[in-house]
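Source file upload38.csv; content: CSV, C-alpha atoms.
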```
chain,number,residue,atom,x,y,z
M,1,MET,CA,-12.9,36.6,3.4
M,2,GLN,CA,-10.2,34.6,1.7
M,3,VAL,CA,-8.4,31.3,2.5
M,4,MET,CA,-5.8,29.2,0.8
M,5,LEU,CA,-7.4,26.0,-0.3
M,6,ASN,CA,-5.1,23.4,-1.6
M,7,GLY,CA,-2.6,26.1,-2.5
M,8,GLU,CA,-5.2,28.3,-4.3
M,9,PRO,CA,-6.7,31.6,-3.0
M,10,THR,CA,-10.4,30.9,-2.5
M,11,GLU,CA,-13.4,33.1,-1.3
M,12,VAL,CA,-15.3,31.9,1.7
M,13,LYS,CA,-18.3,33.5,3.5
M,14,ALA,CA,-17.6,34.7,7.0
M,15,LYS,CA,-18.4,32.2,9.8
M,16,CYS,CA,-18.5,29.4,7.3
M,17,THR,CA,-18.1,26.0,8.9
M,18,ILE,CA,-16.1,23.1,7.5
M,19,ALA,CA,-19.4,21.3,6.7
M,20,GLN,CA,-20.8,24.3,4.8
M,21,PHE,CA,-17.5,24.8,3.0
M,22,LEU,CA,-17.5,21.1,1.8
M,23,GLU,CA,-21.1,21.6,0.7
M,24,GLN,CA,-20.2,24.7,-1.2
M,25,LEU,CA,-17.4,22.6,-2.9
M,26,GLN,CA,-19.8,19.7,-3.5
M,27,LEU,CA,-17.6,17.3,-1.6
M,28,GLY,CA,-18.9,14.4,0.5
M,29,ARG,CA,-17.5,14.5,4.0
M,30,GLU,CA,-17.1,10.7,4.2
M,31,ARG,CA,-14.4,10.5,1.5
M,32,VAL,CA,-12.2,13.4,2.4
M,33,ALA,CA,-9.9,14.6,5.2
M,34,VAL,CA,-9.5,18.2,6.1
M,35,GLU,CA,-6.5,20.0,7.5
M,36,VAL,CA,-6.7,23.6,8.7
M,37,ASN,CA,-3.3,25.3,9.4
M,38,ARG,CA,-1.6,21.8,9.5
M,39,ASP,CA,-4.1,20.5,12.1
M,40,ILE,CA,-6.5,17.7,11.1
M,41,VAL,CA,-10.1,18.6,11.7
M,42,PRO,CA,-12.0,15.4,12.9
M,43,LYS,CA,-15.2,14.7,11.0
M,44,ALA,CA,-17.2,15.1,14.2
M,45,ALA,CA,-16.1,18.8,14.3
M,46,TYR,CA,-17.1,19.7,10.7
M,47,ASP,CA,-20.4,21.2,11.9
M,48,SER,CA,-18.9,23.3,14.7
M,49,ARG,CA,-15.5,24.4,13.4
M,50,THR,CA,-15.6,27.7,11.6
M,51,ILE,CA,-13.1,28.9,9.0
M,52,SER,CA,-11.1,32.1,9.6
M,53,ASP,CA,-9.7,34.6,7.2
M,54,GLY,CA,-6.3,33.6,5.9
M,55,ASP,CA,-6.6,29.9,7.0
M,56,LYS,CA,-4.6,27.4,5.1
M,57,ILE,CA,-6.9,24.6,4.2
M,58,GLU,CA,-6.0,21.2,2.7
M,59,ILE,CA,-8.7,18.8,1.5
M,60,VAL,CA,-7.4,15.4,0.4
M,61,HIS,CA,-8.9,12.2,-0.8
M,62,PHE,CA,-7.8,8.8,-2.0
M,63,VAL,CA,-6.5,8.4,-5.6
M,64,GLY,CA,-5.0,5.4,-7.4
M,65,GLY,CA,-1.6,4.5,-6.2
M,66,GLY,CA,0.8,1.7,-5.3
G,1,MET,CA,-7.3,-27.5,-1.0
G,2,ALA,CA,-4.1,-27.6,1.0
G,3,LEU,CA,-4.3,-23.8,1.5
G,4,GLU,CA,-7.9,-23.7,2.9
G,5,ASN,CA,-6.8,-22.7,6.4
G,6,ASP,CA,-3.6,-21.0,5.3
G,7,LYS,CA,-4.4,-17.4,6.3
G,8,LEU,CA,-2.3,-14.3,6.2
G,9,ILE,CA,-2.6,-12.6,9.6
G,10,ILE,CA,-1.6,-8.9,9.9
G,11,ALA,CA,-2.2,-7.2,13.2
G,12,GLY,CA,-4.7,-9.8,14.2
G,13,ARG,CA,-6.7,-9.4,10.9
G,14,GLU,CA,-7.1,-12.5,8.7
G,15,PHE,CA,-6.8,-12.5,5.0
G,16,SER,CA,-7.2,-15.4,2.5
G,17,SER,CA,-5.3,-13.8,-0.4
G,18,ARG,CA,-1.6,-13.2,-0.2
G,19,LEU,CA,-1.6,-10.9,-3.1
G,20,MET,CA,-1.9,-7.2,-2.5
G,21,VAL,CA,-2.4,-4.8,-5.4
G,22,GLY,CA,-2.1,-1.2,-6.1
G,23,THR,CA,-4.7,1.0,-7.8
G,24,GLY,CA,-2.5,3.3,-9.8
G,25,LYS,CA,-1.6,3.5,-13.5
G,26,TYR,CA,-4.7,1.8,-15.0
G,27,ALA,CA,-6.1,3.0,-18.3
G,28,SER,CA,-9.5,3.5,-16.6
G,29,PHE,CA,-11.3,3.0,-13.3
G,30,GLN,CA,-13.3,0.3,-14.9
G,31,GLN,CA,-10.2,-1.6,-15.9
G,32,MET,CA,-8.8,-1.2,-12.4
G,33,ALA,CA,-11.9,-2.5,-10.8
G,34,GLN,CA,-12.0,-5.5,-13.0
G,35,ALA,CA,-8.3,-6.2,-12.4
G,36,LEU,CA,-8.8,-6.0,-8.6
G,37,GLU,CA,-11.7,-8.4,-8.8
G,38,VAL,CA,-9.9,-10.9,-10.9
G,39,SER,CA,-6.7,-10.7,-8.7
G,40,GLY,CA,-8.7,-11.9,-5.7
G,41,ALA,CA,-6.7,-9.3,-3.6
G,42,GLU,CA,-8.3,-8.2,-0.3
G,43,ILE,CA,-5.8,-5.5,0.5
G,44,ILE,CA,-5.4,-2.7,-2.0
G,45,THR,CA,-3.2,0.3,-1.8
G,46,VAL,CA,-4.3,3.9,-2.5
G,47,ALA,CA,-2.5,7.2,-2.5
G,48,VAL,CA,-3.5,10.4,-0.6
G,49,ARG,CA,-3.7,13.6,-2.8
G,50,ARG,CA,-5.3,17.0,-2.8
G,51,VAL,CA,-8.8,17.1,-4.2
G,52,ASN,CA,-8.8,18.8,-7.6
G,53,ILE,CA,-11.0,21.8,-6.7
G,54,SER,CA,-11.0,23.5,-10.1
G,55,ASP,CA,-12.1,20.3,-12.0
G,56,ARG,CA,-14.8,18.5,-10.1
G,57,SER,CA,-16.0,16.5,-13.1
G,58,LYS,CA,-13.5,13.7,-12.6
G,59,GLU,CA,-14.8,10.5,-11.1
G,60,SER,CA,-13.6,9.4,-7.7
G,61,LEU,CA,-11.6,6.3,-7.1
G,62,LEU,CA,-14.0,5.2,-4.3
G,63,ASP,CA,-16.9,5.1,-6.8
G,64,TYR,CA,-15.2,2.0,-8.1
G,65,ILE,CA,-13.9,0.4,-4.9
G,66,ASP,CA,-16.2,-1.0,-2.2
G,67,PRO,CA,-14.5,-0.3,1.1
G,68,LYS,CA,-16.5,-3.1,2.7
G,69,LYS,CA,-15.0,-5.6,0.3
G,70,TYR,CA,-11.4,-4.4,0.3
G,71,THR,CA,-9.1,-3.3,3.1
G,72,LEU,CA,-7.7,0.0,1.9
G,73,LEU,CA,-4.0,0.5,2.5
G,74,PRO,CA,-3.2,4.2,2.0
G,75,ASN,CA,0.4,4.8,1.1
G,76,THR,CA,2.7,7.7,1.7
G,77,ALA,CA,4.1,7.6,-1.8
G,78,GLY,CA,5.9,10.8,-2.8
G,79,CYS,CA,7.0,11.6,0.8
G,80,TYR,CA,10.7,12.3,1.3
G,81,THR,CA,10.7,13.2,5.0
G,82,ALA,CA,9.3,11.5,8.1
G,83,ASP,CA,7.2,14.7,8.8
G,84,ASP,CA,5.5,14.5,5.4
G,85,ALA,CA,4.8,10.8,5.8
G,86,VAL,CA,3.4,11.1,9.3
G,87,ARG,CA,1.2,14.0,8.1
G,88,THR,CA,-0.1,11.9,5.2
G,89,CYS,CA,-0.9,9.0,7.4
G,90,ARG,CA,-2.9,11.1,9.8
G,91,LEU,CA,-4.9,12.5,6.9
G,92,ALA,CA,-5.4,9.0,5.5
G,93,ARG,CA,-6.8,7.8,8.8
G,94,GLU,CA,-9.3,10.6,8.8
G,95,ALA,CA,-10.3,10.1,5.2
G,96,GLY,CA,-10.6,6.3,5.6
G,97,LEU,CA,-11.8,4.2,8.4
G,98,SER,CA,-8.8,2.2,9.3
G,99,ASP,CA,-5.4,2.5,11.0
G,100,PHE,CA,-3.6,0.5,8.2
G,101,VAL,CA,-0.9,2.4,6.4
G,102,LYS,CA,1.8,1.5,3.9
G,103,LEU,CA,4.6,3.7,5.1
G,104,GLU,CA,7.2,4.7,2.5
G,105,VAL,CA,9.7,7.5,2.9
G,106,LEU,CA,11.7,7.9,-0.3
G,107,GLY,CA,15.3,8.9,-0.4
G,108,ASP,CA,15.9,9.4,-4.1
G,109,GLU,CA,13.8,10.3,-7.2
G,110,LYS,CA,15.7,8.1,-9.6
G,111,THR,CA,15.7,4.9,-7.7
G,112,LEU,CA,12.8,5.5,-5.3
G,113,PHE,CA,14.8,3.6,-2.8
G,114,PRO,CA,13.7,4.2,0.8
G,115,ASP,CA,15.3,6.6,3.2
G,116,ASN,CA,15.5,4.1,6.0
G,117,GLU,CA,16.6,6.6,8.7
G,118,GLU,CA,13.5,8.7,8.0
G,119,LEU,CA,11.3,5.6,7.7
G,120,LEU,CA,12.3,4.4,11.2
G,121,LYS,CA,11.6,7.9,12.6
G,122,ALA,CA,8.1,8.0,11.0
G,123,ALA,CA,7.3,4.4,12.0
G,124,LYS,CA,8.1,5.1,15.6
G,125,ILE,CA,5.7,8.1,15.7
G,126,LEU,CA,2.9,6.2,13.9
G,127,VAL,CA,3.1,3.1,16.0
G,128,LYS,CA,2.8,5.3,19.1
G,129,GLU,CA,-0.3,6.9,17.6
G,130,GLY,CA,-1.9,3.5,17.1
G,131,PHE,CA,-1.4,3.0,13.4
G,132,THR,CA,-0.9,-0.4,11.9
G,133,VAL,CA,2.3,0.3,10.1
G,134,LEU,CA,3.4,-1.7,7.0
G,135,PRO,CA,6.7,-0.2,6.0
G,136,TYR,CA,8.2,-0.4,2.5
G,137,THR,CA,11.9,-0.8,3.1
G,138,SER,CA,15.1,-2.1,1.4
G,139,ASP,CA,16.0,-5.8,1.5
G,140,ASP,CA,18.1,-5.0,4.6
G,141,VAL,CA,17.9,-7.6,7.4
G,142,ILE,CA,18.9,-5.3,10.2
G,143,MET,CA,16.5,-2.6,9.1
G,144,CYS,CA,13.6,-5.1,9.0
G,145,ARG,CA,14.5,-6.3,12.5
G,146,LYS,CA,14.5,-2.7,13.8
G,147,LEU,CA,11.1,-2.0,12.2
G,148,GLU,CA,9.8,-5.2,13.9
G,149,ASP,CA,11.3,-4.2,17.2
G,150,ILE,CA,9.5,-0.8,17.2
G,151,GLY,CA,6.2,-2.4,16.6
G,152,CYS,CA,5.5,-2.5,12.8
G,153,ALA,CA,2.8,-5.0,11.9
G,154,ALA,CA,4.8,-6.4,8.9
G,155,VAL,CA,7.9,-5.6,6.9
G,156,MET,CA,7.8,-5.0,3.2
G,157,PRO,CA,11.2,-5.3,1.6
G,158,LEU,CA,11.6,-4.4,-2.0
G,159,GLY,CA,12.4,-7.1,-4.6
G,160,ALA,CA,13.8,-4.5,-7.0
G,161,PRO,CA,13.1,-0.7,-7.6
G,162,ILE,CA,9.5,0.3,-7.7
G,163,GLY,CA,8.0,-0.2,-11.2
G,164,SER,CA,11.3,-1.8,-12.5
G,165,GLY,CA,9.9,-5.3,-13.1
G,166,LEU,CA,13.4,-6.7,-12.4
G,167,GLY,CA,12.1,-9.4,-10.1
G,168,ILE,CA,13.5,-10.6,-6.8
G,169,ARG,CA,17.1,-9.4,-7.1
G,170,ASN,CA,18.4,-10.7,-3.8
G,171,PRO,CA,16.4,-13.8,-2.8
G,172,TYR,CA,19.0,-14.6,-0.1
G,173,ASN,CA,18.4,-11.4,1.7
G,174,ILE,CA,14.7,-11.9,1.6
G,175,ARG,CA,15.2,-15.4,3.0
G,176,ILE,CA,17.3,-14.2,5.8
G,177,ILE,CA,14.7,-11.4,6.6
G,178,MET,CA,12.1,-14.2,6.9
G,179,GLU,CA,14.2,-16.1,9.2
G,180,THR,CA,15.0,-13.0,11.3
G,181,VAL,CA,11.6,-11.4,11.9
G,182,LYS,CA,8.3,-12.9,13.2
G,183,VAL,CA,6.0,-10.4,11.6
G,184,PRO,CA,4.8,-11.1,8.1
G,185,VAL,CA,7.3,-10.4,5.3
G,186,ILE,CA,5.7,-9.0,2.2
G,187,VAL,CA,7.7,-8.4,-0.9
G,188,ASP,CA,6.8,-4.9,-2.1
G,189,ALA,CA,8.0,-3.6,-5.5
G,190,GLY,CA,10.0,-5.1,-8.3
G,191,VAL,CA,7.8,-7.9,-9.5
G,192,GLY,CA,7.5,-8.0,-13.3
G,193,SER,CA,5.9,-11.3,-14.2
G,194,ALA,CA,4.0,-14.1,-12.6
G,195,SER,CA,7.2,-16.2,-12.2
G,196,ASP,CA,8.7,-13.4,-10.0
G,197,ALA,CA,5.6,-13.5,-7.7
G,198,ALA,CA,5.9,-17.3,-7.5
G,199,ILE,CA,9.6,-17.0,-6.6
G,200,ALA,CA,8.8,-14.6,-3.8
G,201,MET,CA,6.2,-17.1,-2.4
G,202,GLU,CA,8.5,-20.1,-2.9
G,203,LEU,CA,11.0,-18.3,-0.7
G,204,GLY,CA,8.4,-18.4,2.0
G,205,CYS,CA,7.3,-14.8,1.9
G,206,ASP,CA,3.9,-14.2,3.5
G,207,GLY,CA,2.7,-12.1,0.6
G,208,VAL,CA,3.5,-9.9,-2.4
G,209,LEU,CA,2.4,-6.3,-3.1
G,210,MET,CA,2.5,-5.1,-6.7
G,211,ASN,CA,1.0,-2.4,-8.9
G,212,THR,CA,2.9,-1.8,-12.2
G,213,ALA,CA,3.3,-5.5,-13.0
G,214,ILE,CA,-0.5,-5.7,-13.4
G,215,ALA,CA,-1.5,-2.2,-14.4
G,216,GLY,CA,1.4,-1.9,-16.9
G,217,ALA,CA,0.9,-5.3,-18.6
G,218,GLN,CA,-0.5,-5.3,-22.1
G,219,ASP,CA,-3.6,-7.1,-20.8
G,220,PRO,CA,-3.9,-6.1,-17.1
G,221,ILE,CA,-6.9,-8.3,-16.5
G,222,ALA,CA,-5.1,-11.4,-17.7
G,223,MET,CA,-2.0,-10.5,-15.7
G,224,ALA,CA,-4.1,-10.0,-12.6
G,225,GLU,CA,-5.3,-13.6,-13.0
G,226,ALA,CA,-1.7,-14.8,-13.7
G,227,MET,CA,-0.5,-13.1,-10.5
G,228,LYS,CA,-3.3,-14.6,-8.5
G,229,LEU,CA,-2.4,-18.1,-9.7
G,230,ALA,CA,1.3,-17.5,-9.3
G,231,ILE,CA,0.9,-16.5,-5.7
G,232,ILE,CA,-1.2,-19.7,-5.0
G,233,ALA,CA,1.3,-21.9,-6.9
G,234,GLY,CA,4.3,-20.4,-5.1
G,235,ARG,CA,2.7,-20.7,-1.7
G,236,LEU,CA,1.7,-24.4,-2.4
G,237,SER,CA,5.2,-25.1,-3.7
G,238,TYR,CA,6.7,-23.6,-0.6
G,239,LYS,CA,4.4,-25.6,1.7
G,240,ALA,CA,5.0,-28.8,-0.3
G,241,GLY,CA,8.8,-28.6,0.2
G,242,ARG,CA,10.9,-28.7,-2.9
G,243,ILE,CA,13.5,-31.4,-3.7
G,244,PRO,CA,17.1,-30.5,-2.9
G,245,ARG,CA,19.2,-29.3,-5.9
G,246,LYS,CA,21.7,-31.8,-7.2
G,247,LEU,CA,24.3,-31.5,-9.9
G,248,TYR,CA,23.8,-34.9,-11.5
G,249,ALA,CA,20.8,-36.8,-12.8
G,250,ASN,CA,18.6,-39.2,-10.8
G,251,ALA,CA,16.5,-41.4,-13.0
G,252,SER,CA,12.7,-41.4,-12.4
G,253,SER,CA,12.0,-44.7,-14.1
G,254,PRO,CA,13.2,-48.0,-12.5
G,255,ILE,CA,16.4,-49.7,-13.6
G,256,GLU,CA,14.9,-53.1,-12.9
G,257,GLY,CA,13.0,-54.9,-15.7
G,258,LEU,CA,14.8,-53.2,-18.5
G,259,LEU,CA,14.8,-55.3,-21.7
G,260,ALA,CA,17.9,-57.3,-22.1
```
Let me see the structure of the file written as structure tokens.
Amino acid sequence: MQVMLNGEPTEVKAKCTIAQFLEQLQLGRERVAVEVNRDIVPKAAYDSRTISDGDKIEIVHFVGGG
Amino acid sequence: MALENDKLIIAGREFSSRLMVGTGKYASFQQMAQALEVSGAEIITVAVRRVNISDRSKESLLDYIDPKKYTLLPNTAGCYTADDAVRTCRLAREAGLSDFVKLEVLGDEKTLFPDNEELLKAAKILVKEGFTVLPYTSDDVIMCRKLEDIGCAAVMPLGAPIGSGLGIRNPYNIRIIMETVKVPVIVDAGVGSASDAAIAMELGCDGVLMNTAIAGAQDPIAMAEAMKLAIIAGRLSYKAGRIPRKLYANASSPIEGLLA
């Protein structure tokens, strides 16, 4: 299935959890925040929350700024 | 030293340094980390951005910043509406560990002046959601009072436009703001050199937040130290109480005993 990740179409396995998705992307869960269809997914839900086809996912982190 | 017990308290949290610095615009993460260290700052600002999925080779900011050593203050830079700013703050809280946010809602790309109407709207929502809100605002006394009234933990009026290095353009407004609100007043933006930082502190401000003045200096590490010293000097000078300004001279040496 396909999702929109940070504005780019991305292939994801069916029934993939947020935790598995982050692993696939090689992103540590401690340093990011994840939003699915404009709702923030709490870190505690990463293992249970599954991704659906067509989801709009945003993954953000901290960068240098003033 | 006279400043030993002189702490900056924001939302019940105590800080020894009154200098807050940004993490943007440095030539490298190494340079940034060194500048932060030398500055003595305890609160540092960061921005919230999409992870670059296609290029994962880039190092991460947090590889160079120990979140146990510094209080991270995520900003909402680049947000032009209350909705975007609130969304960014919620993401920042989830990505980090604290409720501290530097709230900025911009009104114009050329000046980066704040849209105070949207700022107030966003601040109200965030305060209700338990955030510790430090809003970047214009040097507007009434606006600062409103931000305090709705529960912001500090007010951060600009000294001059972001990154302009023009210094404290309206010291009288900053002074009136200090006399009007009880929460800490932190000059955010506009500082160009160490003397600007000292002037802000001599006015009695509780702190100064800067990024470009350090990161954009020819030698950012040296400027970080200059800023650290300027903040201390300005604070001491404020606490010491300056002499009144007079138009005419007043001799420092005695008149008595002059050779005839």
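Proximity of M:Gln26, M:Gln20, M:Ser52, M:Gln2 to chain G, computed with only C-alpha atoms, is greatest for M:Gln26.
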### Message
Using all atoms listed in the file and a distance of at most 9 Å, pull out the residues of chain G that contact chain M, as JSON, numbers by chain.
### Response
{"G": [21, 22, 23, 24, 25, 26, 29, 44, 45, 46, 47, 48, 49, 50, 51, 52, 53, 56, 60, 61, 62, 74, 75, 77, 87, 90, 91, 92, 93, 94, 95, 96, 189, 209, 210, 211, 212]}
### Close residues, Thr17 (chain M) itself excluded, 6 Å, only C-alpha atoms, min 3 positions apart in chain, as a VMD selection string
chain M and resid 20 49 to 51
### Query
Please, what distance in Å, to one decimal, runs between CA of Ala27 (chain G) and CA of Ala217 (chain G)?
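Rounded to one decimal, the two atoms are 10.9 Å apart.
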### Message
Is it possible to get the residues within 10 Å of (17.3, 4.3, 13.7) (coordinates as in the file, counting only C-alpha atoms) written as number ranges by chain?
### Response
G: 116-121, 124, 143, 146-147, 150
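Taking CA of Glu129 (chain G) and CA of Asp84 (chain G) as the two end points, the separation is 15.5 Å.
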## Note on the structure
One decimal place gives the CA of Glu148 (chain G)-CA of Ile174 (chain G) separation as 14.8 Å
### Task
Return the single residue from G:Val155, G:Tyr248, G:Ala85, G:Gly165 that is closest to Ile142 (chain G), with distances computed using only C-alpha atoms.
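Among the listed residues, G:Val155 lies closest to Ile142 (chain G).
The list of residues with at least one atom within 10 Å of Ala233 (chain G), based on only C-alpha atoms and without residues fewer than 2 positions apart in the same chain, reads Ser195, Ala197, Ala198, Ile199, Met201, Glu202, Met227, Lys228, Leu229, Ala230, Ile231, Arg235, Leu236, Ser237, Tyr238 and Lys239 of chain G.
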### Task
Could you please give me, as a list of chain:residue names, the residues of protein, DNA or RNA lying at most 6 Å from (10.3, 4.4, -0.3) in the coordinate frame of the file, considering only C-alpha atoms?
G:Glu104, G:Val105, G:Leu106, G:Leu112, G:Phe113, G:Pro114, G:Tyr136
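Minimum atom-to-atom distances from G:Ala154, G:Cys205, G:Val191, G:Ala33 to Arg169 (chain G) were compared using all atoms listed in the file, and the lowest value belongs to G:Val191.
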